[in-house]
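Note sheet for the following structure.
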There are 2 protein chains.
Amino acid sequence: MTAESPVTNLAILSLVKEGGELDLSLARLPMPEPKAHEVLVEVKATPINPSDLFLLLGGADIASGRTEARDGLPAVVAPIPQAAMRAMAARVGTAMPVGNEGAGTVVKAGAAPEAQALLGKTVAMLGGAMYAQYRCLPAKMCMEMPDGTDPRDAASCFVNPLTALGFVETARREGHRAIVHTAAASNLGQMLNRICMADGIPLVSIVRKPAQADLLKAQGARHVVDSSAPDYMDALTAAIAETGATLAFDAIGGGKQGGQILGAMEAVAARQMKEYNRYGSDTFKQLYVYGALDLSPTVLNRTFGFKWSMSGWLLPHFLADAGPETAERMRARVVAELTTTFASRYSHEISLEQALDPQTIAAYEAKRTGEKYLIRP
Amino acid sequence: MTAESPVTNLAILSLVKEGGELDLSLARLPMPEPKAHEVLVEVKATPINPSDLFLLLGGADIASGRTEARDGLPAVVAPIPQAAMRAMAARVGTAMPVGNEGAGTVVKAGAAPEAQALLGKTVAMLGGAMYAQYRCLPAKMCMEMPDGTDPRDAASCFVNPLTALGFVETARREGHRAIVHTAAASNLGQMLNRICMADGIPLVSIVRKPAQADLLKAQGARHVVDSSAPDYMDALTAAIAETGATLAFDAIGGGKQGGQILGAMEAVAARQMKEYNRYGSDTFKQLYVYGALDLSPTVLNRTFGFKWSMSGWLLPHFLADAGPETAERMRARVVAELTTTFASRYSHEISLEQALDPQTIAAYEAKRTGEKYLIRP
C-alpha cells in the first residue's frame, strides 16, 4: 500500500436482529494490519455462490424490506419469516462478514518469510469475509497464482472446483464407477462434466429444462436427463443402467428427487436379481446431499430396499477426511487447469454497493442456471 | 420319523396374482427328503415377526377378502391395493413359502456326519419357509440347542437377538458411545435394553405410550422418552445430551421421527459450538432405518447440518460386512443367554390353520407392542 492507502475497509455485514429482522449493510471497518504470518489482500473478485446466500440474506424476505443510506453507504432492512428465524438463533445480534472465496493482490505482508513471499502476488482465498475491499488472513490460507493470472479467473478457485473434484474423489474412494448429479447445468455441474470427461468417469446429469440439457450436450455430456420431461423416470433409469451409477450428488435437497434417484438405482439392480427378495437388492446405493436449492422437506418413498444411504456432503468435512495430501493434489490440479477445466463463467459483474440493491439481490437470489454474479469490490 | 410319518407337509403359501389378488393358503406339499448334508426338522415353534408380514400378506386388504376351504384346508383370498401391487412385480405368479425363523426337532438326517450329528436334537433355524410342519435344510444352517431346550424358547433365536446384538456391534464398530432406539418397547427393544444394560452402553428408548415407558423402566431402562408426551422433543434432546448418543436405530421409517432424532442430536452438538456455523456442527450423526412400521414416506426437515447419514440396516447385510467370526461370536452369546437376555415373550400361540383366520390376521398385523404371536405347527 502506498501513502494514500485508505484507512478504512468497506465490507458487507449481515446482522440478524432479535425481533426477526435482517440488517444488511456496507460498513466502514478499520483497515486490518497483518500479523507476522498474515497478508493483507486487496480483494479484486469474489463470486456469489449459492452457499453464500444463506449467511448473506438470513432467509429474509428482501422484497418486503426497505433500503437506507447510512453515512452515504447503502443498507437493506428486511423482515425474516418466523420459520426461518428458528435456524438463526446462534447468530442473532452478531454482525457477520460474508463471502466464502475470492481473489486479489497481496498489498501488505507480515514479517514471516511465507508472508513476505506473497507480496505483490495474485492469490486465491477461502475463509469468509471476502465481500470487502480488503481481507487479512494467514499466508497459508492463500493459494498463489501464476504471474499474470486475472483475479477474475482465480475468484472461484475453491468452492466449485474442489467440490467437483471432491465428488470424483469420493466416487473413487467409495468404489463407485459412475456418478449422478442434479442441477447439473450449474457452473459446478459443467465443471464436473469436464472432469468426468477427462477422467473417463460416466456422469448422469439431471437438469430441469430442455435448454440446460442442450447446453450440457453441446459441452460433450453423454447422459443428460431432463426432469421436466414426461419420460423422466424411464430416461433416468436407462441412463443409470447404461452407466452403472450407484452414487449421486444432489444440490437440491428438498422434495422427492433424491429418493427417486435411489429408486431408479434400485430398479436397475433389481433387474439383475435371480429371485424375489422382499428386502430389495444387495446393491449399495449412496445419495449425498450437498446443497439446499429447495429448502422444503426431503420426502423419501422408500422403494429402494435396505442397502442405501443418504448423507450430507460438505467440502470442509470431505477435505478433513481425505487428508492433506489429497487436498494438495486437488489444489494443484485446480491451479494447473484454472482457465480450462475449472473456468467459471459470470453473467454479471457488480460492485459491493450493487450487491445490496434489492432488485439485484432478487436476481442473484433466484439462482438461475446460467446466471452467476461476481463482485468486484 | 416312524412308519406312521405323514407323506405330506402342510405349509402356508402366499401367492400374489396378476390381477392384484392375494391367495394365502395352507397347502399339502410333498414331504421333503434330506440330501446328504441336509436334515429334516419337525417345526415346533415359529414366530410371526414384523419382517414376515410383508411377504405373508403382500400388502393385501385382508378385511375386504373372503375365506375358502380347499380339500379341508383354509385359504384367504383378498384384494391388493394398486399402490401395494407396484412393489410385488417380482413375485407375481409364484406361490411363496413364509416364515423367517423357527425351532424344532431333527427327525431325519442325510448321510453326512454333520447332518447325522443333529439327529434327535432341538435346533433353531433361519432361512424362510418355517410356517410349515416340516422344514428340510442344510445342517450348517441349523443352530444346535443344548439338550432339554424348549423349542418355544429357541423359536426366535435369530432375527431379534442377532438384530439387537448387531445394533450394539454397529455402535462399537462405528465409534458411537450411545444408541437411540424407536418402537423401543418391542420384544427387540426389550432385548436391546438388556444387552445395553449388561454391556454398559447408554440407550435412549423412544416409545409411543406411557404404559410402554413404564414397562421399560420396570426393566431397568434409564432413558425412556414418550413421543406422545407434549415435552417429547425437549425430553429427547435432554436424553441425547446426557448419553452422548449420535447413533439411532429406527423401526418406523415413515414420517418425521427419524429427522427429529437427527435434529435433536444436532441441537445437542450445536450447544458445544463456540461460534455460529451456517453449515451446522461437525458432529457426525447416523440414523439407521431397519424397519417399516410406518410405510408412509420419510419426511426430513433438514435441521441437522451437513454431517449426517440416514441408511438402511438389514441383518444379513450387517452379518456379511461383519464377517464370520463376529457372527459366530454373536450366535454363541444368543445360545448362552437364550432364556435370559434373549428371552422372547409370546402373548398368543396359534396353529397354522389359525394363522390364516382373518380376525387373527387382523390382530397380528396390528403389530401391537406387547402382543407377539407364535405358530405351533
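Simple scheme: letters A, B, ... for chains in C-alpha cells order, numbers from 1 for residues in each chain, numbers from 1 for ligands in the order shown.
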Quick one: everything within 6 Å of segment 357-373 of chain A, counting only C-alpha atoms, minus sequence neighbours fewer than 4 positions away in the same chain. Send it as number ranges by chain.
A: 47-48, 186, 346-349
Tell me, counting only C-alpha atoms, for each residue of chain B within 6 Å of chain A, which pair of atoms is nearest and how far apart they are in Å to one decimal, in rows ordered by chain and increasing number, as JSON lines.
```
{"residue": "B:Ala90", "atom": "CA", "partner": "A:Tyr276", "partner_atom": "CA", "distance": 5.4}
{"residue": "B:Arg91", "atom": "CA", "partner": "A:Tyr276", "partner_atom": "CA", "distance": 5.8}
{"residue": "B:Tyr276", "atom": "CA", "partner": "A:Ala90", "partner_atom": "CA", "distance": 5.5}
{"residue": "B:Pro297", "atom": "CA", "partner": "A:Asn301", "partner_atom": "CA", "distance": 4.6}
{"residue": "B:Thr298", "atom": "CA", "partner": "A:Leu300", "partner_atom": "CA", "distance": 4.9}
{"residue": "B:Val299", "atom": "CA", "partner": "A:Val299", "partner_atom": "CA", "distance": 4.8}
{"residue": "B:Leu300", "atom": "CA", "partner": "A:Thr298", "partner_atom": "CA", "distance": 4.9}
{"residue": "B:Asn301", "atom": "CA", "partner": "A:Pro297", "partner_atom": "CA", "distance": 4.6}
{"residue": "B:Phe306", "atom": "CA", "partner": "A:Gly312", "partner_atom": "CA", "distance": 4.3}
{"residue": "B:Lys307", "atom": "CA", "partner": "A:Gly312", "partner_atom": "CA", "distance": 5.4}
{"residue": "B:Trp308", "atom": "CA", "partner": "A:Gly312", "partner_atom": "CA", "distance": 5.4}
{"residue": "B:Ser309", "atom": "CA", "partner": "A:Ser311", "partner_atom": "CA", "distance": 4.0}
{"residue": "B:Met310", "atom": "CA", "partner": "A:Met310", "partner_atom": "CA", "distance": 5.2}
{"residue": "B:Ser311", "atom": "CA", "partner": "A:Ser309", "partner_atom": "CA", "distance": 4.0}
{"residue": "B:Gly312", "atom": "CA", "partner": "A:Phe306", "partner_atom": "CA", "distance": 4.3}
{"residue": "B:Trp313", "atom": "CA", "partner": "A:Phe306", "partner_atom": "CA", "distance": 5.9}
```
Mind checking which residues fall within 10 Å of segment 68-84 of chain B, counting only C-alpha atoms, ignoring those fewer than 3 positions away in the same chain, and posting them as a ChimeraX atom specification?
/B:10,12-17,19-28,57-65,87-89,352-358
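Our summary of the geometry notes that atom CA of Lys35 of chain A is positioned 11.4 Å from atom CA of Gln116 of chain A.
Here atom CA of Glu328 of chain B and atom CA of Leu162 of chain B stand 10.5 Å from one another.
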Which neighbours of Ala111 of chain B fall inside 7 Å, counting only C-alpha atoms, when residues of the same chain fewer than 3 positions from it are skipped, and could you give them as a VMD selection string?
chain B and resid 36 to 37 115 to 116
With distances taken over only C-alpha atoms, which residue among B:Asp226, B:Asp147, B:Glu174, B:Glu101 lies nearest Asn160 of chain B?
B:Glu101
Could you list, as a list in words, every residue within 7 Å of segment 218-224 of chain B, counting only C-alpha atoms and ignoring same-chain residues fewer than 3 positions away?
Asn193, Leu203, Val204, Ser205, Ile206, Ala213, Asp214, Leu215 and Ala239 of chain B
When DSSP works through the backbone of this structure, what residues of segment 155-369 of chain A end up as helix (DSSP H, G or I), shown as an MDAnalysis selection string?
chainID A and resid 159:173 187:199 210:218 232:243 257:271 315:322 324:336 354:356 358:365
I need the residues from that last selection saved to file as a CSV table (one decimal), in the first residue's frame (with C-alpha atoms), if you can.
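Below is the file that was written, result.csv:
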```
chain,number,residue,atom,x,y,z
A,159,VAL,CA,-15.8,-23.9,-3.7
A,160,ASN,CA,-16.8,-25.2,-7.1
A,161,PRO,CA,-13.5,-26.7,-8.3
A,162,LEU,CA,-12.7,-28.5,-5.1
A,163,THR,CA,-16.3,-29.6,-4.7
A,164,ALA,CA,-16.4,-31.1,-8.2
A,165,LEU,CA,-13.1,-32.8,-7.7
A,166,GLY,CA,-14.3,-33.9,-4.3
A,167,PHE,CA,-17.2,-35.7,-5.9
A,168,VAL,CA,-14.9,-37.6,-8.2
A,169,GLU,CA,-12.5,-38.4,-5.3
A,170,THR,CA,-15.5,-39.6,-3.3
A,171,ALA,CA,-16.6,-41.9,-6.1
A,172,ARG,CA,-13.1,-43.4,-6.3
A,173,ARG,CA,-12.6,-43.8,-2.5
A,187,ASN,CA,-21.1,-23.8,-13.1
A,188,LEU,CA,-20.3,-26.7,-10.8
A,189,GLY,CA,-22.1,-29.2,-13.0
A,190,GLN,CA,-20.3,-28.0,-16.1
A,191,MET,CA,-17.0,-28.3,-14.2
A,192,LEU,CA,-17.9,-31.8,-13.0
A,193,ASN,CA,-18.8,-32.8,-16.6
A,194,ARG,CA,-15.3,-31.6,-17.8
A,195,ILE,CA,-13.6,-33.5,-15.0
A,196,CYS,CA,-15.6,-36.7,-15.7
A,197,MET,CA,-14.9,-36.5,-19.4
A,198,ALA,CA,-11.2,-36.0,-18.8
A,199,ASP,CA,-11.0,-38.8,-16.2
A,210,PRO,CA,-34.5,-28.6,-22.2
A,211,ALA,CA,-32.2,-25.6,-22.7
A,212,GLN,CA,-30.0,-26.8,-19.9
A,213,ALA,CA,-29.8,-30.3,-21.5
A,214,ASP,CA,-28.8,-28.7,-24.8
A,215,LEU,CA,-26.0,-26.7,-23.0
A,216,LEU,CA,-24.5,-29.8,-21.4
A,217,LYS,CA,-24.8,-31.9,-24.6
A,218,ALA,CA,-23.0,-29.1,-26.5
A,232,TYR,CA,-38.0,-38.6,-16.9
A,233,MET,CA,-38.1,-41.7,-14.7
A,234,ASP,CA,-37.6,-44.0,-17.7
A,235,ALA,CA,-34.8,-41.9,-19.1
A,236,LEU,CA,-33.1,-41.7,-15.7
A,237,THR,CA,-33.4,-45.4,-15.1
A,238,ALA,CA,-32.0,-46.1,-18.6
A,239,ALA,CA,-29.0,-43.8,-18.0
A,240,ILE,CA,-28.3,-45.4,-14.7
A,241,ALA,CA,-28.4,-48.8,-16.3
A,242,GLU,CA,-26.1,-47.7,-19.0
A,243,THR,CA,-23.5,-46.2,-16.7
A,257,GLN,CA,-35.9,-36.2,-6.4
A,258,GLY,CA,-33.3,-37.7,-4.1
A,259,GLY,CA,-35.5,-40.7,-3.3
A,260,GLN,CA,-36.4,-41.1,-7.0
A,261,ILE,CA,-32.7,-41.4,-7.9
A,262,LEU,CA,-32.2,-44.1,-5.3
A,263,GLY,CA,-35.4,-45.8,-6.5
A,264,ALA,CA,-34.1,-45.8,-10.1
A,265,MET,CA,-30.8,-47.3,-9.0
A,266,GLU,CA,-32.6,-50.0,-7.1
A,267,ALA,CA,-34.8,-50.7,-10.1
A,268,VAL,CA,-31.7,-51.3,-12.2
A,269,ALA,CA,-30.2,-53.5,-9.5
A,270,ALA,CA,-33.5,-55.5,-9.2
A,271,ARG,CA,-33.4,-56.4,-12.9
A,315,LEU,CA,-16.3,-29.8,1.3
A,316,PRO,CA,-14.6,-29.0,4.6
A,317,HIS,CA,-15.7,-32.3,6.0
A,318,PHE,CA,-14.5,-34.1,2.9
A,319,LEU,CA,-11.1,-32.4,2.9
A,320,ALA,CA,-10.7,-33.2,6.6
A,321,ASP,CA,-11.5,-36.9,5.9
A,322,ALA,CA,-9.4,-37.1,2.8
A,324,PRO,CA,-3.7,-33.0,3.4
A,325,GLU,CA,-2.1,-35.0,0.6
A,326,THR,CA,-5.3,-35.4,-1.3
A,327,ALA,CA,-6.2,-31.8,-0.7
A,328,GLU,CA,-2.9,-30.6,-2.0
A,329,ARG,CA,-3.2,-32.8,-5.1
A,330,MET,CA,-6.6,-31.4,-5.8
A,331,ARG,CA,-5.5,-27.8,-5.4
A,332,ALA,CA,-2.5,-28.3,-7.7
A,333,ARG,CA,-4.9,-29.6,-10.4
A,334,VAL,CA,-7.1,-26.5,-9.9
A,335,VAL,CA,-4.2,-24.1,-10.5
A,336,ALA,CA,-2.9,-26.1,-13.5
A,354,GLN,CA,-24.8,-3.0,-6.2
A,355,ALA,CA,-24.7,-6.3,-4.2
A,356,LEU,CA,-27.0,-4.5,-1.7
A,358,PRO,CA,-32.9,-5.1,-3.7
A,359,GLN,CA,-33.5,-5.7,-7.4
A,360,THR,CA,-30.0,-7.1,-7.8
A,361,ILE,CA,-30.5,-9.3,-4.7
A,362,ALA,CA,-33.7,-10.7,-6.2
A,363,ALA,CA,-31.8,-11.5,-9.4
A,364,TYR,CA,-28.9,-13.4,-7.8
A,365,GLU,CA,-31.1,-15.0,-5.1
```
Using only C-alpha atoms, determine which residues lie at most 9 Å from Val106 of chain B, disregarding the query and same-chain residues fewer than 6 positions distant; provide the list as JSON, numbers by chain.
{"B": [39, 40, 41, 42, 43, 118, 119, 120, 121, 122, 123]}
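Each of B:Ile375, B:Ala185, B:Met141, B:Val207 was compared to Ala229 of chain B using only C-alpha atoms, and B:Val207 turns out to be the nearest.
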Taking the DSSP secondary structure from the backbone, can you list the residues of segment 241-375 of chain A that are strand (DSSP E), as a ChimeraX atom specification?
/A:247-250,253-255,285-289,294-300,308-312,348-350,373-375
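Atom CA of Ala109 of chain B is found 26.0 Å from atom CA of Leu374 of chain B.
Excluding Met130 of chain B itself and any same-chain residue fewer than 3 positions from it, the protein and nucleic acid residues within 10 Å of it, counting only C-alpha atoms, are Ala11, Ile12, Val41, Glu42, Val43, Lys44, Ala45, Thr46, Pro47, Pro97, Val98, Gly99, Asn100, Glu101, Gly102, Ala103, Gly104, Met125, Leu126, Gly127, Gln133, Tyr134, Arg135, Cys136, Ile375 and Pro377 of chain B.
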